[in-house]
>>> print(open('protein_22.cif').read())   # mmCIF, C-alpha atoms
data_query
#
loop_
_atom_site.label_atom_id
_atom_site.label_comp_id
_atom_site.auth_asym_id
_atom_site.auth_seq_id
_atom_site.Cartn_x
_atom_site.Cartn_y
_atom_site.Cartn_z
CA MET H 1 82.44 123.59 70.87
CA LEU H 2 84.95 125.91 72.55
CA LYS H 3 82.17 128.20 73.69
CA ARG H 4 81.21 125.52 76.20
CA ILE H 5 84.39 126.09 78.20
CA ARG H 6 83.05 127.79 81.29
CA ASN H 7 86.18 129.24 82.81
CA ILE H 8 89.73 128.13 82.05
CA GLY H 9 90.86 130.18 85.04
CA THR H 10 88.97 127.78 87.31
CA VAL H 11 91.04 124.88 86.02
CA LEU H 12 94.33 126.76 86.49
CA LEU H 13 93.25 127.81 89.99
CA CYS H 14 92.50 124.18 90.86
CA CYS H 15 96.00 123.22 89.62
CA ILE H 16 97.58 125.77 91.96
CA LEU H 17 95.36 124.85 94.91
CA LEU H 18 95.90 121.12 94.47
CA LEU H 19 99.68 121.44 94.26
CA GLY H 20 99.71 123.69 97.32
CA PHE H 21 97.39 121.33 99.18
CA VAL H 22 99.54 118.29 98.36
CA GLY H 23 102.68 120.14 99.48
CA LEU H 24 101.03 121.20 102.75
CA LEU H 25 99.84 117.65 103.44
CA THR H 26 103.29 116.21 102.74
CA VAL H 27 104.98 118.64 105.13
CA SER H 28 102.29 118.22 107.81
CA VAL H 29 102.26 114.42 107.73
CA SER H 30 106.08 114.29 107.75
CA TRP H 31 106.15 116.59 110.79
CA LEU H 32 103.54 114.52 112.61
CA ALA H 33 105.44 111.34 111.84
CA ARG H 34 108.58 112.83 113.41
CA GLU H 35 106.87 114.41 116.41
CA ARG H 36 104.28 111.78 117.31
CA GLY H 37 105.34 108.70 115.39
CA SER H 38 103.17 106.39 113.30
CA SER H 39 100.46 106.30 115.97
CA ALA H 40 99.21 109.79 115.09
CA PRO H 41 95.68 109.43 113.59
CA VAL H 42 96.44 111.66 110.62
CA VAL H 43 99.66 109.74 109.88
CA GLN H 44 97.75 106.45 110.06
CA PHE H 45 95.08 107.84 107.77
CA PHE H 46 97.44 109.05 105.05
CA SER H 47 99.65 105.97 105.27
CA ARG H 48 96.60 103.90 104.34
CA ASN H 49 95.72 106.04 101.35
CA ALA H 50 97.85 106.25 98.25
CA ALA H 51 99.39 109.51 97.10
CA PRO H 52 97.23 111.51 94.69
CA ASP H 53 97.52 110.79 90.99
CA LEU H 54 99.14 113.84 89.40
CA SER H 55 99.99 112.12 86.11
CA TRP H 56 97.92 114.73 84.24
CA LEU H 57 100.79 117.17 84.89
CA SER H 58 102.79 115.27 82.26
CA ILE H 59 100.42 116.67 79.63
CA LEU H 60 101.59 120.16 80.50
CA THR H 61 105.27 119.17 80.43
CA GLY H 62 105.06 117.13 77.23
CA ASN H 63 106.24 113.87 78.87
CA GLU H 64 103.08 111.80 78.54
CA GLY H 65 104.36 108.22 78.68
CA LYS H 66 104.66 105.29 76.32
CA TYR H 67 100.94 104.94 75.53
CA ALA H 68 100.54 108.60 74.63
CA ARG H 69 99.47 109.79 71.19
CA ARG H 70 99.58 113.14 69.45
CA ARG H 71 96.56 115.20 70.48
CA THR H 72 95.07 118.54 69.63
CA PRO H 73 95.16 121.41 72.15
CA VAL H 74 91.44 120.88 72.80
CA GLU H 75 91.99 117.20 73.58
CA LYS H 76 94.89 118.06 75.89
CA TYR H 77 92.70 120.57 77.69
CA GLU H 78 90.08 117.88 78.20
CA ASP H 79 92.70 115.47 79.57
CA VAL H 80 93.89 118.08 82.07
CA VAL H 81 90.29 118.71 83.18
CA ARG H 82 89.74 114.98 83.66
CA GLY H 83 93.04 114.67 85.50
CA ILE H 84 92.27 117.47 87.92
CA GLU H 85 88.81 116.05 88.56
CA THR H 86 90.32 112.62 89.29
CA THR H 87 92.86 114.12 91.68
CA ILE H 88 90.11 115.96 93.53
CA GLU H 89 88.07 112.77 93.77
CA ASN H 90 90.98 110.67 95.01
CA LEU H 91 92.52 113.22 97.36
CA CYS H 92 90.36 116.14 98.40
CA THR H 93 87.25 114.08 99.01
CA THR H 94 89.36 111.55 100.88
CA SER H 95 89.35 113.91 103.81
CA VAL H 96 90.57 113.36 107.33
CA PRO H 97 87.65 111.88 109.30
CA GLY H 98 85.48 114.70 110.56
CA SER H 99 86.90 117.30 108.20
CA SER H 100 83.58 118.29 106.66
CA VAL H 101 84.87 121.74 105.70
CA LEU H 102 87.60 120.25 103.52
CA LYS H 103 85.16 117.89 101.84
CA SER H 104 82.71 120.70 101.13
CA LEU H 105 85.48 122.80 99.58
CA ALA H 106 86.69 119.87 97.49
CA ASP H 107 83.20 119.06 96.25
CA GLY H 108 82.74 122.66 95.15
CA TYR H 109 85.97 122.69 93.17
CA ARG H 110 85.19 119.31 91.64
CA ARG H 111 81.89 120.65 90.33
CA SER H 112 83.67 123.71 88.93
CA VAL H 113 86.22 121.56 87.14
CA MET H 114 83.56 119.27 85.70
CA ARG H 115 81.67 122.27 84.35
CA SER H 116 84.89 123.33 82.59
CA SER H 117 84.88 120.15 80.53
CA LEU H 118 84.04 120.38 76.85
CA SER H 119 82.12 117.12 76.83
CA PHE H 120 80.52 116.93 80.28
CA GLU H 121 77.11 118.29 79.45
CA THR H 122 74.54 116.09 77.77
CA ALA H 123 71.73 118.62 78.13
CA GLY H 124 69.89 119.29 74.88
CA LYS H 125 70.54 115.86 73.42
CA THR H 126 67.59 113.63 72.72
CA ASN H 127 67.43 110.11 74.09
CA HIS H 128 67.95 108.83 70.57
CA GLU H 129 71.10 110.95 70.18
CA LEU H 130 72.50 109.78 73.52
CA ALA H 131 71.86 106.14 72.65
CA MET H 132 73.28 106.50 69.14
CA GLU H 133 76.42 108.26 70.37
CA ALA H 134 77.15 105.53 72.91
CA PHE H 135 76.29 102.72 70.50
CA SER H 136 78.40 104.17 67.68
CA ALA H 137 81.43 104.38 69.96
CA VAL H 138 81.02 100.75 71.03
CA GLN H 139 80.44 99.59 67.46
CA VAL H 140 83.53 101.36 66.09
CA PHE H 141 85.62 99.99 68.93
CA SER H 142 84.28 96.47 68.34
CA GLU H 143 85.11 96.68 64.64
CA TRP H 144 88.63 97.82 65.41
CA LEU H 145 89.14 94.93 67.84
CA SER H 146 87.84 92.54 65.20
CA SER H 147 90.42 93.86 62.73
CA GLU H 148 93.07 93.15 65.39
CA ARG H 149 91.64 89.64 65.90
CA ILE H 150 90.90 90.35 69.57
CA PRO H 151 87.55 89.03 70.85
CA PHE H 152 85.17 91.54 72.45
CA LEU H 153 82.16 91.38 74.75
CA TYR H 154 80.11 94.33 75.99
CA VAL H 155 78.47 93.66 79.36
CA GLN H 156 75.69 95.92 80.64
CA PHE H 157 74.49 96.02 84.24
CA PRO H 158 71.11 97.34 85.41
CA PHE H 159 71.09 100.62 87.32
CA GLY H 160 69.68 100.80 90.84
CA THR H 161 66.53 102.64 89.80
CA ARG H 162 65.60 99.85 87.39
CA ILE H 163 66.32 97.15 89.96
CA ARG H 164 64.18 98.88 92.57
CA ALA H 165 61.43 99.30 90.01
CA VAL H 166 61.47 95.57 89.28
CA SER H 167 61.82 94.37 92.88
CA GLU H 168 59.78 97.01 94.71
CA GLY H 169 57.51 98.46 92.05
CA THR H 170 58.89 101.96 92.60
CA PRO H 171 58.79 104.53 89.77
CA TYR H 172 61.91 105.36 87.79
CA PRO H 173 62.87 108.23 85.48
CA ALA H 174 61.14 107.21 82.26
CA ASP H 175 63.18 109.66 80.20
CA GLU H 176 66.52 108.14 81.22
CA LEU H 177 65.13 104.65 80.91
CA ASP H 178 64.16 105.42 77.32
CA ALA H 179 67.78 106.29 76.48
CA TRP H 180 69.07 103.15 78.16
CA ASP H 181 66.54 100.92 76.37
CA ARG H 182 67.27 102.56 73.01
CA PHE H 183 70.95 101.76 73.50
CA SER H 184 70.16 98.15 74.44
CA GLY H 185 67.93 97.80 71.38
CA LEU H 186 70.67 99.06 69.07
CA MET H 187 73.15 96.66 70.65
CA GLU H 188 70.79 93.70 70.34
CA GLU H 189 70.24 94.41 66.64
CA SER H 190 73.95 94.80 65.90
CA ASP H 191 76.77 92.30 65.43
CA VAL H 192 78.43 93.44 68.67
CA GLU H 193 78.63 90.66 71.25
CA PHE H 194 76.39 91.84 74.06
CA LEU H 195 75.55 90.42 77.50
CA ASN H 196 72.66 92.40 78.97
CA PHE H 197 72.02 91.65 82.62
CA ASN H 198 68.62 93.30 82.26
CA ASP H 199 67.37 90.58 79.95
CA ASP H 200 69.83 87.77 79.32
CA THR H 201 70.59 86.32 82.73
CA GLY H 202 67.39 86.52 84.77
CA LEU H 203 69.44 88.03 87.59
CA ILE H 204 67.63 91.36 87.59
CA SER H 205 64.72 89.95 89.54
CA ARG H 206 67.14 88.68 92.23
CA ILE H 207 69.76 91.45 92.37
CA SER H 208 69.88 93.53 95.53
CA LEU H 209 72.40 96.35 95.36
CA ASP H 210 74.13 97.53 98.50
CA ASP H 211 73.36 100.90 100.04
CA THR H 212 75.82 102.75 97.77
CA GLY H 213 74.01 101.47 94.68
CA HIS H 214 76.70 98.90 93.84
CA TRP H 215 76.74 95.12 93.82
CA SER H 216 76.25 93.20 97.01
CA SER H 217 78.97 90.55 97.40
CA GLU H 218 76.77 87.56 96.65
CA ASP H 219 75.24 89.16 93.57
CA ALA H 220 78.71 90.08 92.29
CA ILE H 221 79.76 86.44 92.65
CA ARG H 222 76.67 85.30 90.72
CA ALA H 223 77.34 87.90 88.02
CA ALA H 224 80.96 86.77 87.75
CA ALA H 225 79.70 83.21 87.30
CA GLU H 226 77.42 84.31 84.44
CA ILE H 227 80.33 86.04 82.69
CA ALA H 228 82.68 83.10 83.27
CA GLY H 229 80.11 80.69 81.86
CA LEU H 230 79.75 82.78 78.70
CA LEU H 231 83.53 83.00 78.32
CA ASN H 232 83.68 79.20 78.57
CA ARG H 233 80.91 78.65 76.05
CA ASP H 234 81.85 81.18 73.37
CA TYR H 235 85.43 82.34 73.88
CA GLY H 236 87.58 79.29 74.62
CA PHE H 237 88.04 79.83 78.35
CA HIS H 238 87.88 77.04 80.93
CA PHE H 239 86.69 78.58 84.19
CA ASP H 240 85.84 76.09 86.93
CA LEU H 241 82.32 77.35 87.68
CA SER H 242 82.35 75.73 91.11
CA VAL H 243 84.72 78.56 92.06
CA PHE H 244 81.65 80.81 92.07
CA GLU H 245 79.48 78.68 94.34
CA ILE H 246 78.52 80.70 97.41
CA ALA H 247 79.51 77.79 99.66
CA ASN H 248 83.13 78.47 98.72
CA TYR H 249 83.06 81.93 100.32
CA ARG H 250 82.86 83.39 103.79
CA ASP H 251 81.90 86.80 105.08
CA ILE H 252 85.13 88.30 106.42
CA LEU H 253 83.18 90.85 108.46
CA LYS H 254 81.96 88.09 110.77
CA GLU H 255 85.52 88.09 112.08
CA HIS H 256 85.19 91.79 112.93
CA PRO H 257 81.89 92.38 114.76
CA ASP H 258 83.13 95.73 116.05
CA LEU H 259 83.64 96.86 112.46
CA VAL H 260 80.10 95.76 111.54
CA HIS H 261 78.76 97.99 114.31
CA ARG H 262 80.97 100.93 113.28
CA ILE H 263 79.86 100.69 109.65
CA ARG H 264 76.24 100.59 110.78
CA ASP H 265 76.78 103.58 113.05
CA ASP H 266 78.77 105.58 110.48
CA PHE H 267 76.76 104.81 107.35
CA GLY H 268 73.42 103.47 108.58
CA TYR H 269 73.41 100.03 106.97
CA ASP H 270 74.71 96.47 107.37
CA TYR H 271 77.49 95.33 105.07
CA GLU H 272 78.98 91.99 104.17
CA LEU H 273 82.07 91.13 102.18
CA MET H 274 82.45 87.62 100.79
CA ILE H 275 85.99 86.34 100.29
CA PRO H 276 87.14 82.97 98.88
CA VAL H 277 87.74 80.22 101.40
CA GLN H 278 90.61 78.85 99.34
CA SER H 279 93.85 80.82 99.46
CA ALA H 280 95.65 81.99 96.32
CA ASP H 281 99.00 83.46 95.28
CA TYR H 282 98.55 86.93 93.75
CA GLU H 283 100.68 89.78 92.55
CA VAL H 284 98.79 93.02 91.86
CA ILE H 285 100.55 95.79 89.94
CA ARG H 286 99.05 99.26 89.89
CA ASN H 287 99.92 101.77 87.18
CA GLU H 288 102.73 99.48 85.97
CA ALA H 289 104.80 100.51 88.99
CA ASP H 290 103.58 99.67 92.49
CA SER H 291 103.11 95.98 93.27
CA VAL H 292 101.89 93.96 96.21
CA SER H 293 101.94 90.18 96.67
CA GLY H 294 99.85 87.87 98.83
CA ASP H 295 96.44 86.23 98.86
CA PHE H 296 93.03 87.65 97.90
CA VAL H 297 92.68 89.71 101.08
CA ASP H 298 96.28 90.99 101.05
CA THR H 299 96.20 92.26 97.47
CA LEU H 300 92.61 93.06 96.50
CA LEU H 301 91.21 94.56 99.70
CA TYR H 302 92.17 97.60 101.73
CA PRO H 303 93.38 96.95 105.28
CA VAL H 304 90.49 96.30 107.62
CA SER H 305 91.39 99.42 109.59
CA ALA H 306 90.49 101.58 106.57
CA TRP H 307 87.07 100.15 105.84
CA ASP H 308 84.93 102.59 107.81
CA THR H 309 87.05 105.75 107.60
CA ARG H 310 87.96 106.44 103.98
CA VAL H 311 85.84 108.43 101.57
CA ALA H 312 86.88 107.02 98.22
CA ASP H 313 85.99 108.37 94.77
CA GLY H 314 83.92 111.06 96.45
CA GLN H 315 81.57 108.56 98.08
CA PRO H 316 81.45 107.49 101.71
CA GLY H 317 80.55 103.92 102.47
CA ALA H 318 81.95 100.46 102.91
CA TYR H 319 81.94 99.42 99.22
CA HIS H 320 84.44 102.05 98.11
CA ASN H 321 86.50 101.42 101.23
CA THR H 322 87.00 97.66 100.92
CA PHE H 323 88.06 96.68 97.40
CA PHE H 324 91.56 97.99 96.66
CA PHE H 325 90.70 99.58 93.33
CA ARG H 326 90.50 103.20 92.23
CA ASN H 327 88.95 104.50 89.04
CA GLY H 328 92.14 106.38 88.24
CA ASP H 329 94.37 103.28 88.42
CA LEU H 330 95.48 100.74 85.85
CA THR H 331 95.23 97.54 87.91
CA ASP H 332 96.88 94.34 86.69
CA ILE H 333 96.16 91.14 88.68
CA HIS H 334 98.39 88.08 88.28
CA ASN H 335 97.29 84.75 89.75
CA PHE H 336 100.15 82.26 90.25
CA SER H 337 98.02 79.57 91.90
CA GLY H 338 97.69 77.37 88.82
CA THR H 339 94.42 78.44 87.19
CA ASP H 340 92.26 76.64 84.62
CA ASN H 341 93.11 79.40 82.12
CA PRO H 342 96.92 79.26 81.92
CA GLY H 343 98.46 82.04 79.85
CA LYS H 344 95.10 83.79 79.40
CA ARG H 345 94.73 87.55 79.92
CA ILE H 346 91.45 89.45 80.21
CA LEU H 347 91.27 93.23 79.82
CA VAL H 348 88.26 94.85 81.49
CA LEU H 349 87.19 98.40 80.62
CA GLY H 350 84.93 99.68 83.36
CA ASP H 351 84.35 101.64 86.56
CA SER H 352 83.63 100.90 90.21
CA PHE H 353 80.74 98.56 89.35
CA CYS H 354 83.42 96.17 88.03
CA TRP H 355 85.60 96.02 91.12
CA PRO H 356 84.14 92.90 92.81
CA LEU H 357 83.52 91.20 89.45
CA VAL H 358 87.17 91.59 88.47
CA ALA H 359 88.26 90.43 91.92
CA TYR H 360 86.12 87.28 91.79
CA LEU H 361 86.99 86.47 88.15
CA SER H 362 90.68 86.73 89.01
CA GLN H 363 90.44 83.47 90.96
CA ASP H 364 90.64 81.28 87.87
CA VAL H 365 92.54 83.16 85.16
CA ASP H 366 96.26 83.88 85.01
CA GLU H 367 95.91 87.62 84.44
CA ILE H 368 93.10 90.17 84.46
CA THR H 369 93.54 93.93 84.04
CA LEU H 370 91.09 96.72 84.88
CA LEU H 371 91.23 100.07 83.08
CA HIS H 372 88.74 102.94 83.33
CA PRO H 373 88.62 104.55 79.84
CA ARG H 374 87.64 107.92 81.21
CA TYR H 375 90.65 108.23 83.50
CA PHE H 376 93.35 106.38 81.56
CA GLN H 377 96.24 108.75 80.82
CA GLY H 378 97.06 107.50 77.35
CA ASP H 379 95.51 105.94 74.29
CA VAL H 380 93.40 102.85 75.06
CA ARG H 381 94.04 101.30 71.66
CA THR H 382 97.79 101.72 71.92
CA TYR H 383 97.68 99.98 75.29
CA ILE H 384 95.60 97.11 73.88
CA GLU H 385 98.02 96.69 71.00
CA SER H 386 100.88 96.47 73.49
CA ILE H 387 99.36 93.77 75.76
CA GLN H 388 97.35 91.71 73.20
CA PRO H 389 94.67 90.40 75.61
CA ASP H 390 92.75 87.22 74.86
CA ILE H 391 89.50 89.16 75.22
CA VAL H 392 88.34 92.69 76.01
CA LEU H 393 85.32 93.02 78.29
CA TRP H 394 83.70 96.45 78.33
CA MET H 395 81.46 96.46 81.41
CA TYR H 396 79.26 99.45 82.24
CA VAL H 397 76.12 100.12 84.22
CA GLU H 398 73.35 101.23 81.86
CA ALA H 399 73.22 104.75 83.32
CA GLN H 400 76.55 105.51 81.62
CA VAL H 401 74.56 105.99 78.41
CA SER H 402 73.19 109.26 79.77
CA VAL H 403 75.89 110.25 82.29
CA PHE H 404 79.37 111.41 81.18
CA ASN H 405 78.43 110.00 77.79
CA SER H 406 81.19 111.48 75.63
CA GLU H 407 83.94 110.86 78.15
CA THR H 408 83.04 107.30 79.09
CA PHE H 409 82.29 106.04 75.59
CA GLY H 410 84.04 108.28 73.08
CA ILE H 411 87.44 108.28 74.78
CA VAL H 412 88.39 104.85 73.39
CA ASN H 413 88.12 106.15 69.81
CA ILE H 414 89.61 109.65 70.13
CA GLY H 415 92.42 110.33 67.69
CA ARG H 416 91.80 107.30 65.47
#
>>> encode(input="protein_22.cif", output="structure tokens")
Amino acid sequence: MLKRIRNIGTVLLCCILLLGFVGLLTVSVSWLARERGSSAPVVQFFSRNAAPDLSWLSILTGNEGKYARRRTPVEKYEDVVRGIETTIENLCTTSVPGSSVLKSLADGYRRSVMRSSLSFETAGKTNHELAMEAFSAVQVFSEWLSSERIPFLYVQFPFGTRIRAVSEGTPYPADELDAWDRFSGLMEESDVEFLNFNDDTGLISRISLDDTGHWSSEDAIRAAAEIAGLLNRDYGFHFDLSVFEIANYRDILKEHPDLVHRIRDDFGYDYELMIPVQSADYEVIRNEADSVSGDFVDTLLYPVSAWDTRVADGQPGAYHNTFFFRNGDLTDIHNFSGTDNPGKRILVLGDSFCWPLVAYLSQDVDEITLLHPRYFQGDVRTYIESIQPDIVLWMYVEAQVSVFNSETFGIVNIGR
């Protein structure tokens, strides 16, 4: 497997460049703040965006935190590669507006780092092998959770190509679809609890993704309602399903017509963002350190001023710029408004497709936590043992079966 390491020097070079870049930004922004005050555009930009996650440096120093486990040198190398890639995604691609040169440079280094991963490539694997690898990881994880007496539900979302094929009759990559369907078939035949939005909910014929390929607000609310209903029926939860009625939401962008026009001009599409009409009392804790309190808008959304300027997770567009989540964060949402699920805690394993679902589900459960297995700097099982959630939801778009397969699925079982 080691022969697949492309160039360790590339990874070390990225470490040096990133540290130098962060230092230069810190000095520059501090100088601008002193000379021009908080009104300077660059100061405003970086004050809106969190500092880069450099937690992967702890792997090199040996101080890896309370959820760490003993790993082999190869596993540590992989963690450093993932950490550098995350930092590039969260920092370098979050460039100052108009800085296309910086973004181009960052994208090039991100591709170099990803090629240095031991497990990035899936080339050469058959569709059956891809499906089996993903399914086996989920099955082993499900069995472990069962031994811990923690309920588990795997939720699969349709990918944009499948949705467009259903709604518009457009062709889709049959080879990838075969891998996705093989995985779904294995899941359906197994004892793993499985909610497949392709088949089980009837939503696929009505889903319309936004222009970044993610959920539109209304579809995310409907999907959250489907999940809440299943949790009520089979897992002892008591969600008030009227919470997910569209009439109980409003489009916050209607209050900002100038922003609607800027998003259309910058990205070429219309965007809406539905927020609950009823206020709530939240505390959101990120990475077990930074917390913010307030209502839905205060804690789960970026400031309005950031919505059409940030480039988050390497992707421009309103979706990644509105919900205050990042794939590299451990996000813990507490609702103190008196929910219908007092004392209940949900742990969600997933990526950016989960952001609005987690936000909307948080309205009627005391605590919900989002963790991206690929980016979590620690052992997922150790973390689960420490928090003892009432259920674990693993929610992925179906394309994860054939993209980043080893990292997104296998990481939950490494070292066990």
>>> resolve_selection(input="protein_22.cif", expression="the PyMOL selection byres ((chain H and resi 401) around 7)", output="list in words")
Leu130, Ala131, Ala134, Trp180, Glu398, Ala399, Gln400, Ser402, Val403 and Asn405 of chain H
>>> residues_around(input="protein_22.cif", residues="region 137-142 of chain H", least_positions_apart="3", cutoff="9 Å", atoms="only C-alpha atoms", output="short mmCIF file (atom, residue, chain, number, x, y, z; two decimals) with C-alpha atoms, keeping the file's coordinate frame")
data_model
loop_
_atom_site.label_atom_id
_atom_site.label_comp_id
_atom_site.auth_asym_id
_atom_site.auth_seq_id
_atom_site.Cartn_x
_atom_site.Cartn_y
_atom_site.Cartn_z
CA MET H 132 73.28 106.50 69.14
CA GLU H 133 76.42 108.26 70.37
CA ALA H 134 77.15 105.53 72.91
CA LEU H 145 89.14 94.93 67.84
CA SER H 146 87.84 92.54 65.20
CA SER H 147 90.42 93.86 62.73
CA PRO H 151 87.55 89.03 70.85
CA PHE H 152 85.17 91.54 72.45
CA LEU H 153 82.16 91.38 74.75
CA TYR H 154 80.11 94.33 75.99
CA MET H 187 73.15 96.66 70.65
CA SER H 190 73.95 94.80 65.90
CA ASP H 191 76.77 92.30 65.43
CA VAL H 192 78.43 93.44 68.67
CA GLU H 193 78.63 90.66 71.25
CA ARG H 381 94.04 101.30 71.66
CA TRP H 394 83.70 96.45 78.33
CA PHE H 409 82.29 106.04 75.59
CA GLY H 410 84.04 108.28 73.08
CA ILE H 411 87.44 108.28 74.78
CA VAL H 412 88.39 104.85 73.39
CA ASN H 413 88.12 106.15 69.81
#
>>> atom_distance(input="protein_22.cif", atom1="CA of Ile384 (chain H)", atom2="CA of Tyr302 (chain H)")
28.1 Å
>>> atom_distance(input="protein_22.cif", atom1="CA of His320 (chain H)", atom2="CA of Arg262 (chain H)")
15.6 Å
>>> atom_distance(input="protein_22.cif", atom1="CA of Ile263 (chain H)", atom2="CA of Ile246 (chain H)")
23.5 Å
>>> resolve_selection(input="protein_22.cif", expression="the PyMOL selection byres ((chain H and resi 352) around 10)", output="list in words")
His214, Trp215, Asp313, Tyr319, His320, Phe323, Phe325, Arg326, Asn327, Gly350, Asp351, Phe353, Cys354, Trp355, Pro356, Leu357, His372, Tyr396 and Val397 of chain H
>>> residues_around(input="protein_22.cif", residues="Tyr360 (chain H)", least_positions_apart="3", cutoff="12 Å", atoms="only C-alpha atoms", output="number ranges by chain")
H: 217-228, 239, 241, 243-246, 248-249, 273-276, 280, 296-297, 300-301, 323, 333, 335, 354-357, 363-365, 368
